[in-house]
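Enquirer: File structure16.txt follows (compact mmCIF, N, CA and C atoms):
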# COMPACT_ATOMS: atom_id res chain seq x y z
N MET I 1233 -7.84 -11.50 -24.62
CA MET I 1233 -7.41 -12.26 -23.47
C MET I 1233 -6.44 -11.38 -22.65
N PHE I 1234 -6.60 -11.41 -21.34
CA PHE I 1234 -5.70 -10.67 -20.46
C PHE I 1234 -4.39 -11.42 -20.30
N GLU I 1235 -3.34 -10.67 -20.19
CA GLU I 1235 -2.02 -11.25 -19.94
C GLU I 1235 -1.71 -11.12 -18.45
N LEU I 1236 -1.29 -12.20 -17.83
CA LEU I 1236 -0.89 -12.16 -16.42
C LEU I 1236 0.51 -11.57 -16.32
N LEU I 1237 0.72 -10.79 -15.31
CA LEU I 1237 2.03 -10.16 -15.10
C LEU I 1237 2.71 -10.78 -13.89
N ASP I 1238 3.94 -11.08 -14.03
CA ASP I 1238 4.73 -11.62 -12.93
C ASP I 1238 5.68 -10.53 -12.46
N GLY I 1239 5.89 -10.44 -11.18
CA GLY I 1239 6.82 -9.45 -10.66
C GLY I 1239 6.21 -8.10 -10.38
N GLN I 1240 4.90 -7.93 -10.56
CA GLN I 1240 4.23 -6.68 -10.24
C GLN I 1240 3.70 -6.77 -8.80
N PRO I 1241 3.83 -5.71 -8.03
CA PRO I 1241 3.35 -5.76 -6.65
C PRO I 1241 1.83 -5.75 -6.56
N ILE I 1242 1.34 -6.31 -5.47
CA ILE I 1242 -0.08 -6.32 -5.12
C ILE I 1242 -0.22 -5.57 -3.80
N PHE I 1243 -1.22 -4.72 -3.69
CA PHE I 1243 -1.48 -3.98 -2.46
C PHE I 1243 -2.70 -4.56 -1.78
N ILE I 1244 -2.59 -4.82 -0.49
CA ILE I 1244 -3.71 -5.28 0.33
C ILE I 1244 -3.88 -4.27 1.45
N GLY I 1245 -5.02 -3.61 1.49
CA GLY I 1245 -5.23 -2.60 2.52
C GLY I 1245 -6.58 -1.93 2.38
N PHE I 1246 -6.67 -0.70 2.85
CA PHE I 1246 -7.94 0.02 2.81
C PHE I 1246 -7.71 1.52 2.74
N LYS I 1247 -8.74 2.24 2.30
CA LYS I 1247 -8.67 3.70 2.19
C LYS I 1247 -8.73 4.30 3.59
N MET I 1248 -7.81 5.20 3.86
CA MET I 1248 -7.77 5.85 5.17
C MET I 1248 -8.74 7.03 5.20
N ASP I 1249 -9.34 7.23 6.37
CA ASP I 1249 -10.08 8.46 6.57
C ASP I 1249 -9.10 9.51 7.09
N SER I 1250 -9.55 10.74 7.21
CA SER I 1250 -8.65 11.82 7.61
C SER I 1250 -8.13 11.63 9.03
N SER I 1251 -8.93 11.05 9.90
CA SER I 1251 -8.51 10.83 11.28
C SER I 1251 -7.34 9.85 11.35
N LEU I 1252 -7.47 8.72 10.68
CA LEU I 1252 -6.39 7.73 10.68
C LEU I 1252 -5.15 8.29 10.00
N SER I 1253 -5.34 9.02 8.93
CA SER I 1253 -4.21 9.63 8.23
C SER I 1253 -3.43 10.56 9.16
N ARG I 1254 -4.14 11.39 9.91
CA ARG I 1254 -3.47 12.30 10.86
C ARG I 1254 -2.74 11.52 11.94
N GLN I 1255 -3.37 10.47 12.46
CA GLN I 1255 -2.73 9.67 13.50
C GLN I 1255 -1.43 9.04 13.00
N LEU I 1256 -1.46 8.51 11.80
CA LEU I 1256 -0.26 7.86 11.26
C LEU I 1256 0.82 8.88 10.93
N GLU I 1257 0.44 10.05 10.45
CA GLU I 1257 1.42 11.10 10.16
C GLU I 1257 2.07 11.62 11.44
N ALA I 1258 1.35 11.54 12.57
CA ALA I 1258 1.86 12.05 13.84
C ALA I 1258 2.76 11.05 14.57
N LEU I 1259 2.90 9.84 14.05
CA LEU I 1259 3.75 8.85 14.72
C LEU I 1259 5.18 9.35 14.79
N SER I 1260 5.82 9.06 15.90
CA SER I 1260 7.22 9.46 16.06
C SER I 1260 7.98 8.36 16.78
N GLY I 1261 9.27 8.53 16.83
CA GLY I 1261 10.11 7.57 17.54
C GLY I 1261 10.06 6.20 16.90
N ALA I 1262 10.08 5.19 17.73
CA ALA I 1262 10.12 3.80 17.26
C ALA I 1262 8.88 3.42 16.48
N ASP I 1263 7.72 4.02 16.79
CA ASP I 1263 6.49 3.67 16.09
C ASP I 1263 6.48 4.11 14.63
N SER I 1264 7.24 5.15 14.29
CA SER I 1264 7.21 5.67 12.93
C SER I 1264 7.75 4.67 11.90
N LYS I 1265 8.53 3.70 12.34
CA LYS I 1265 9.09 2.72 11.40
C LYS I 1265 8.02 1.76 10.86
N TYR I 1266 6.86 1.70 11.52
CA TYR I 1266 5.82 0.76 11.12
C TYR I 1266 4.98 1.23 9.93
N VAL I 1267 5.09 2.49 9.55
CA VAL I 1267 4.31 3.04 8.44
C VAL I 1267 5.22 3.90 7.57
N SER I 1268 5.21 3.64 6.26
CA SER I 1268 6.11 4.37 5.37
C SER I 1268 5.46 4.57 4.01
N THR I 1269 5.89 5.60 3.30
CA THR I 1269 5.48 5.79 1.91
C THR I 1269 6.54 5.22 0.97
N GLU I 1270 7.67 4.79 1.52
CA GLU I 1270 8.77 4.33 0.68
C GLU I 1270 9.23 2.91 0.96
N SER I 1271 8.99 2.38 2.14
CA SER I 1271 9.46 1.05 2.51
C SER I 1271 8.28 0.11 2.70
N SER I 1272 8.47 -1.14 2.30
CA SER I 1272 7.42 -2.14 2.46
C SER I 1272 7.72 -3.10 3.60
N ASP I 1273 8.61 -2.73 4.50
CA ASP I 1273 8.95 -3.61 5.61
C ASP I 1273 7.75 -3.91 6.49
N PHE I 1274 6.93 -2.89 6.78
CA PHE I 1274 5.75 -3.07 7.62
C PHE I 1274 4.53 -2.62 6.82
N LEU I 1275 3.97 -1.47 7.15
CA LEU I 1275 2.82 -0.95 6.42
C LEU I 1275 3.26 0.12 5.44
N ARG I 1276 2.55 0.18 4.35
CA ARG I 1276 2.90 1.12 3.30
C ARG I 1276 1.70 2.02 3.01
N VAL I 1277 1.95 3.30 2.83
CA VAL I 1277 0.92 4.24 2.44
C VAL I 1277 1.05 4.44 0.92
N CYS I 1278 -0.05 4.21 0.21
CA CYS I 1278 -0.09 4.37 -1.24
C CYS I 1278 -1.26 5.28 -1.59
N ARG I 1279 -1.33 5.67 -2.84
CA ARG I 1279 -2.46 6.51 -3.24
C ARG I 1279 -3.15 5.95 -4.46
N LEU I 1280 -4.43 6.25 -4.54
CA LEU I 1280 -5.25 5.95 -5.70
C LEU I 1280 -5.99 7.24 -6.00
N GLY I 1281 -5.53 7.96 -7.00
CA GLY I 1281 -6.06 9.30 -7.25
C GLY I 1281 -5.68 10.20 -6.08
N THR I 1282 -6.67 10.80 -5.45
CA THR I 1282 -6.40 11.66 -4.30
C THR I 1282 -6.58 10.93 -2.98
N ASP I 1283 -7.06 9.68 -3.04
CA ASP I 1283 -7.27 8.91 -1.82
C ASP I 1283 -5.98 8.24 -1.38
N ARG I 1284 -5.80 8.18 -0.06
CA ARG I 1284 -4.62 7.51 0.52
C ARG I 1284 -5.06 6.20 1.15
N TYR I 1285 -4.27 5.18 0.91
CA TYR I 1285 -4.54 3.83 1.40
C TYR I 1285 -3.40 3.39 2.30
N VAL I 1286 -3.69 2.54 3.27
CA VAL I 1286 -2.67 1.96 4.12
C VAL I 1286 -2.83 0.44 4.08
N GLY I 1287 -1.71 -0.25 4.03
CA GLY I 1287 -1.75 -1.71 3.98
C GLY I 1287 -0.37 -2.27 3.70
N LYS I 1288 -0.35 -3.44 3.11
CA LYS I 1288 0.91 -4.11 2.78
C LYS I 1288 1.08 -4.16 1.27
N LEU I 1289 2.29 -3.86 0.83
CA LEU I 1289 2.65 -4.00 -0.56
C LEU I 1289 3.43 -5.30 -0.68
N ILE I 1290 2.88 -6.23 -1.44
CA ILE I 1290 3.46 -7.57 -1.56
C ILE I 1290 4.16 -7.67 -2.91
N HIS I 1291 5.42 -8.03 -2.88
CA HIS I 1291 6.23 -8.06 -4.10
C HIS I 1291 6.37 -9.45 -4.70
N GLU I 1292 5.90 -10.46 -3.99
CA GLU I 1292 6.02 -11.82 -4.52
C GLU I 1292 4.62 -12.40 -4.73
N ARG I 1293 4.55 -13.50 -5.44
CA ARG I 1293 3.27 -14.18 -5.62
C ARG I 1293 2.74 -14.60 -4.26
N LEU I 1294 1.41 -14.64 -4.13
CA LEU I 1294 0.86 -15.07 -2.86
C LEU I 1294 -0.31 -16.00 -3.06
N THR I 1295 -0.56 -16.80 -2.05
CA THR I 1295 -1.65 -17.75 -2.08
C THR I 1295 -2.84 -17.17 -1.31
N THR I 1296 -4.00 -17.77 -1.49
CA THR I 1296 -5.18 -17.30 -0.76
C THR I 1296 -5.00 -17.45 0.74
N GLU I 1297 -4.30 -18.47 1.17
CA GLU I 1297 -4.03 -18.66 2.60
C GLU I 1297 -3.20 -17.50 3.15
N ARG I 1298 -2.26 -17.03 2.38
CA ARG I 1298 -1.39 -15.95 2.84
C ARG I 1298 -2.13 -14.63 2.94
N VAL I 1299 -3.16 -14.43 2.13
CA VAL I 1299 -3.94 -13.18 2.18
C VAL I 1299 -4.51 -12.97 3.58
N ASP I 1300 -5.04 -14.02 4.20
CA ASP I 1300 -5.60 -13.90 5.54
C ASP I 1300 -4.51 -13.58 6.56
N ASP I 1301 -3.33 -14.16 6.41
CA ASP I 1301 -2.21 -13.83 7.30
C ASP I 1301 -1.85 -12.36 7.19
N ILE I 1302 -1.84 -11.85 5.98
CA ILE I 1302 -1.50 -10.44 5.74
C ILE I 1302 -2.57 -9.55 6.36
N ARG I 1303 -3.85 -9.91 6.22
CA ARG I 1303 -4.94 -9.13 6.82
C ARG I 1303 -4.77 -9.04 8.33
N ARG I 1304 -4.45 -10.16 8.96
CA ARG I 1304 -4.25 -10.16 10.42
C ARG I 1304 -3.03 -9.32 10.81
N ASN I 1305 -1.98 -9.36 10.01
CA ASN I 1305 -0.78 -8.58 10.29
C ASN I 1305 -1.07 -7.08 10.21
N ILE I 1306 -1.80 -6.66 9.20
CA ILE I 1306 -2.18 -5.26 9.05
C ILE I 1306 -3.01 -4.81 10.26
N ALA I 1307 -4.00 -5.61 10.62
CA ALA I 1307 -4.87 -5.28 11.75
C ALA I 1307 -4.07 -5.21 13.05
N SER I 1308 -3.13 -6.12 13.22
CA SER I 1308 -2.32 -6.14 14.44
C SER I 1308 -1.44 -4.89 14.57
N ILE I 1309 -0.79 -4.52 13.49
CA ILE I 1309 0.07 -3.32 13.53
C ILE I 1309 -0.76 -2.07 13.80
N LEU I 1310 -1.88 -1.93 13.09
CA LEU I 1310 -2.71 -0.73 13.27
C LEU I 1310 -3.37 -0.70 14.65
N ALA I 1311 -3.72 -1.85 15.19
CA ALA I 1311 -4.30 -1.88 16.54
C ALA I 1311 -3.26 -1.44 17.57
N ARG I 1312 -2.01 -1.77 17.34
CA ARG I 1312 -0.93 -1.36 18.25
C ARG I 1312 -0.68 0.15 18.15
N LEU I 1313 -0.69 0.67 16.91
CA LEU I 1313 -0.37 2.09 16.70
C LEU I 1313 -1.55 3.01 17.01
N CYS I 1314 -2.75 2.57 16.70
CA CYS I 1314 -3.95 3.40 16.85
C CYS I 1314 -5.06 2.57 17.50
N PRO I 1315 -4.91 2.27 18.79
CA PRO I 1315 -5.85 1.34 19.44
C PRO I 1315 -7.31 1.81 19.47
N GLU I 1316 -7.55 3.09 19.38
CA GLU I 1316 -8.92 3.61 19.45
C GLU I 1316 -9.61 3.65 18.08
N THR I 1317 -8.86 3.36 17.02
CA THR I 1317 -9.39 3.46 15.67
C THR I 1317 -10.11 2.18 15.27
N ARG I 1318 -11.30 2.34 14.74
CA ARG I 1318 -12.06 1.18 14.24
C ARG I 1318 -11.56 0.86 12.84
N LEU I 1319 -11.16 -0.38 12.64
CA LEU I 1319 -10.61 -0.80 11.35
C LEU I 1319 -11.64 -1.59 10.57
N PRO I 1320 -11.59 -1.52 9.24
CA PRO I 1320 -12.54 -2.29 8.44
C PRO I 1320 -12.30 -3.79 8.58
N ARG I 1321 -13.36 -4.55 8.47
CA ARG I 1321 -13.24 -6.02 8.56
C ARG I 1321 -12.63 -6.58 7.29
N ASP I 1322 -13.04 -6.03 6.15
CA ASP I 1322 -12.55 -6.50 4.86
C ASP I 1322 -11.56 -5.50 4.28
N LEU I 1323 -10.55 -6.02 3.62
CA LEU I 1323 -9.55 -5.19 2.97
C LEU I 1323 -9.70 -5.31 1.46
N GLU I 1324 -9.15 -4.35 0.75
CA GLU I 1324 -9.17 -4.37 -0.70
C GLU I 1324 -7.85 -4.93 -1.21
N ILE I 1325 -7.90 -5.60 -2.35
CA ILE I 1325 -6.70 -6.10 -3.01
C ILE I 1325 -6.62 -5.37 -4.34
N LEU I 1326 -5.54 -4.62 -4.52
CA LEU I 1326 -5.38 -3.78 -5.71
C LEU I 1326 -4.07 -4.09 -6.41
N ALA I 1327 -4.11 -4.09 -7.72
CA ALA I 1327 -2.90 -4.26 -8.52
C ALA I 1327 -2.12 -2.95 -8.51
N CYS I 1328 -0.81 -3.06 -8.57
CA CYS I 1328 0.05 -1.88 -8.58
C CYS I 1328 0.99 -1.94 -9.78
N ARG I 1329 1.41 -0.78 -10.21
CA ARG I 1329 2.48 -0.72 -11.20
C ARG I 1329 3.79 -0.68 -10.47
N SER I 1330 4.82 -1.23 -11.07
CA SER I 1330 6.15 -1.11 -10.48
C SER I 1330 6.54 0.35 -10.46
N GLU I 1331 7.35 0.71 -9.50
CA GLU I 1331 7.82 2.08 -9.40
C GLU I 1331 8.78 2.37 -10.54
N VAL I 1332 8.89 3.64 -10.90
CA VAL I 1332 9.82 4.05 -11.94
C VAL I 1332 11.23 3.62 -11.55
N GLY I 1333 11.93 3.02 -12.50
CA GLY I 1333 13.31 2.60 -12.23
C GLY I 1333 13.42 1.16 -11.80
N THR I 1334 12.29 0.43 -11.70
CA THR I 1334 12.38 -0.98 -11.34
C THR I 1334 12.17 -1.81 -12.59
N ASP I 1335 11.30 -2.79 -12.58
CA ASP I 1335 11.13 -3.70 -13.69
C ASP I 1335 10.25 -3.16 -14.81
N SER I 1336 9.83 -1.92 -14.76
CA SER I 1336 8.97 -1.36 -15.79
C SER I 1336 9.70 -1.30 -17.12
N SER I 1337 8.95 -1.50 -18.18
CA SER I 1337 9.52 -1.35 -19.51
C SER I 1337 9.72 0.13 -19.79
N ALA I 1338 10.44 0.44 -20.85
CA ALA I 1338 10.68 1.84 -21.22
C ALA I 1338 9.36 2.54 -21.51
N ALA I 1339 8.43 1.85 -22.18
CA ALA I 1339 7.13 2.46 -22.49
C ALA I 1339 6.35 2.74 -21.21
N GLN I 1340 6.38 1.81 -20.27
CA GLN I 1340 5.68 1.99 -19.00
C GLN I 1340 6.27 3.17 -18.24
N ARG I 1341 7.59 3.29 -18.23
CA ARG I 1341 8.24 4.41 -17.54
C ARG I 1341 7.83 5.74 -18.16
N ALA I 1342 7.70 5.77 -19.50
CA ALA I 1342 7.29 7.00 -20.18
C ALA I 1342 5.88 7.39 -19.75
N VAL I 1343 4.97 6.42 -19.66
CA VAL I 1343 3.61 6.70 -19.22
C VAL I 1343 3.61 7.22 -17.79
N GLU I 1344 4.40 6.60 -16.92
CA GLU I 1344 4.46 7.02 -15.52
C GLU I 1344 5.01 8.44 -15.40
N GLU I 1345 6.04 8.75 -16.18
CA GLU I 1345 6.62 10.09 -16.14
C GLU I 1345 5.61 11.12 -16.63
N GLU I 1346 4.86 10.76 -17.67
CA GLU I 1346 3.85 11.66 -18.21
C GLU I 1346 2.77 11.93 -17.16
N GLU I 1347 2.35 10.89 -16.44
CA GLU I 1347 1.34 11.05 -15.39
C GLU I 1347 1.86 11.92 -14.26
N GLU I 1348 3.14 11.78 -13.91
CA GLU I 1348 3.71 12.60 -12.84
C GLU I 1348 3.71 14.08 -13.20
N ASN I 1349 3.83 14.38 -14.48
CA ASN I 1349 3.90 15.77 -14.92
C ASN I 1349 2.53 16.41 -15.10
N GLU I 1350 1.45 15.61 -15.02
CA GLU I 1350 0.11 16.15 -15.15
C GLU I 1350 -0.22 16.99 -13.92
N VAL I 1351 -0.99 18.04 -14.14
CA VAL I 1351 -1.45 18.89 -13.04
C VAL I 1351 -2.83 18.40 -12.61
N TRP I 1352 -3.00 18.11 -11.34
CA TRP I 1352 -4.30 17.63 -10.84
C TRP I 1352 -5.06 18.80 -10.42
Would you mind writing the file's structure down as structure tokens?
Expert:
Amino acid sequence: MFELLDGQPIFIGFKMDSSLSRQLEALSGADSKYVSTESSDFLRVCRLGTDRYVGKLIHERLTTERVDDIRRNIASILARLCPETRLPRDLEILACRSEVGTDSSAAQRAVEEEEENEVW
């Protein structure tokens, strides 16, 4: 039986292509606050293996109704920042591990540290 985890973040977003990645990396001034690799205030860039994803990192429980609100928010921000970019209609929902130093257990932190030290 699977154990449900409380307090673990959920990511809602999509895999970026190289064009969108370059556009977001080139943001400057006031627009740069909308996309971050460290803050979840607006959009967050995360990775899955070597792929980079953009979307929202949600730290609290959410309902199915809220998922659609989050999808619209992601689309709205990206349409403002990159109006010429075609965005996917459907987004992916992915489970995330807590970052090192947050609610992770000591064993989980050890696994994360070991993964960070691996050479890709």
Enquirer: What does the structure give for the distance between atom CA of Arg1279 of chain I and atom CA of Glu1297 of chain I, in Å to one decimal?
Expert: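 About the pair atom CA of Arg1279 of chain I and atom CA of Glu1297 of chain I: they are 25.9 Å apart.
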Enquirer: Have a look at I:Glu1316, I:Glu1270, I:Glu1292, I:Glu1257 and name the one nearest to Ile1242 of chain I; count all atoms listed in the file.
Expert: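 Smallest distance to Ile1242 of chain I is found for I:Glu1292.
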Enquirer: Among segment 1240-1309 of chain I, which residues does DSSP mark as strand (DSSP E) when it is run on the backbone? Keep the chain and numbering as in the structure and answer as an MDAnalysis selection string.
Expert: chainID I and resid 1242:1247 1267:1268 1275:1280 1283:1290
Enquirer: Which is closest to Ser1251 of chain I among I:Glu1235, I:Leu1319, I:Arg1304, I:Glu1324, if we use only C-alpha atoms?
Expert: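 Among the listed residues, I:Leu1319 lies closest to Ser1251 of chain I.
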Enquirer: Give me, as a PyMOL selection string, all polymer residues having an atom no more than 7 Å from segment 1262-1265 of chain I, counting only N, CA and C atoms and skipping those fewer than 3 positions away in the same chain.
Expert: chain I and resi 1259+1268+1274-1275
Enquirer: Residues near His1291 of chain I, anyone? I mean within 9 Å using only C-alpha atoms, not counting same-chain ones fewer than 3 positions away, as a list in words.
Expert: Gly1239, Gln1240, Pro1241, Ile1242, Phe1243, Ser1272 and Leu1294 of chain I
Enquirer: Between I:Val1277, I:Leu1236, I:Ile1325, I:Leu1252, which is the closest to Leu1313 of chain I once you count only C-alpha atoms?
Expert: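 Smallest separation from Leu1313 of chain I among the options: I:Leu1252.
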Enquirer: Between atom CA of Ile1309 of chain I and atom CA of Thr1295 of chain I, measure the distance and give it in Å to one decimal.
Expert: 21.3 Å
Enquirer: Give the answer as one residue: which of I:Met1248, I:Ala1307, I:Cys1314, I:Met1233 has the shortest atom-to-atom distance to Cys1278 of chain I, using only C-alpha atoms?
Expert: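 Of I:Met1248, I:Ala1307, I:Cys1314, I:Met1233, the one nearest Cys1278 of chain I, counting only C-alpha atoms, is I:Met1248.
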Enquirer: Could you tell me how far atom C of Asp1300 of chain I lies from atom CA of Gly1281 of chain I, in Å and to one decimal?
Expert: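 Spanning atom C of Asp1300 of chain I to atom CA of Gly1281 of chain I is a straight-line distance of 26.8 Å.
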Enquirer: Could you list, as a list in words, every residue within 6 Å of Ile1244 of chain I, counting all atoms listed in the file and ignoring same-chain residues fewer than 3 positions away?
Expert: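 Near Ile1244 of chain I, the qualifying residues are Val1286, Gly1287, Lys1288, Leu1289, Ile1290, Leu1323, Glu1324, Ile1325 and Leu1326 of chain I.
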Enquirer: DSSP on the backbone: which residues in segment 1239-1323 of chain I end up as helix (DSSP H, G or I)? Give the answer as an NGL selection string.
Expert: :I and (1250-1257 or 1261-1266 or 1296-1313)
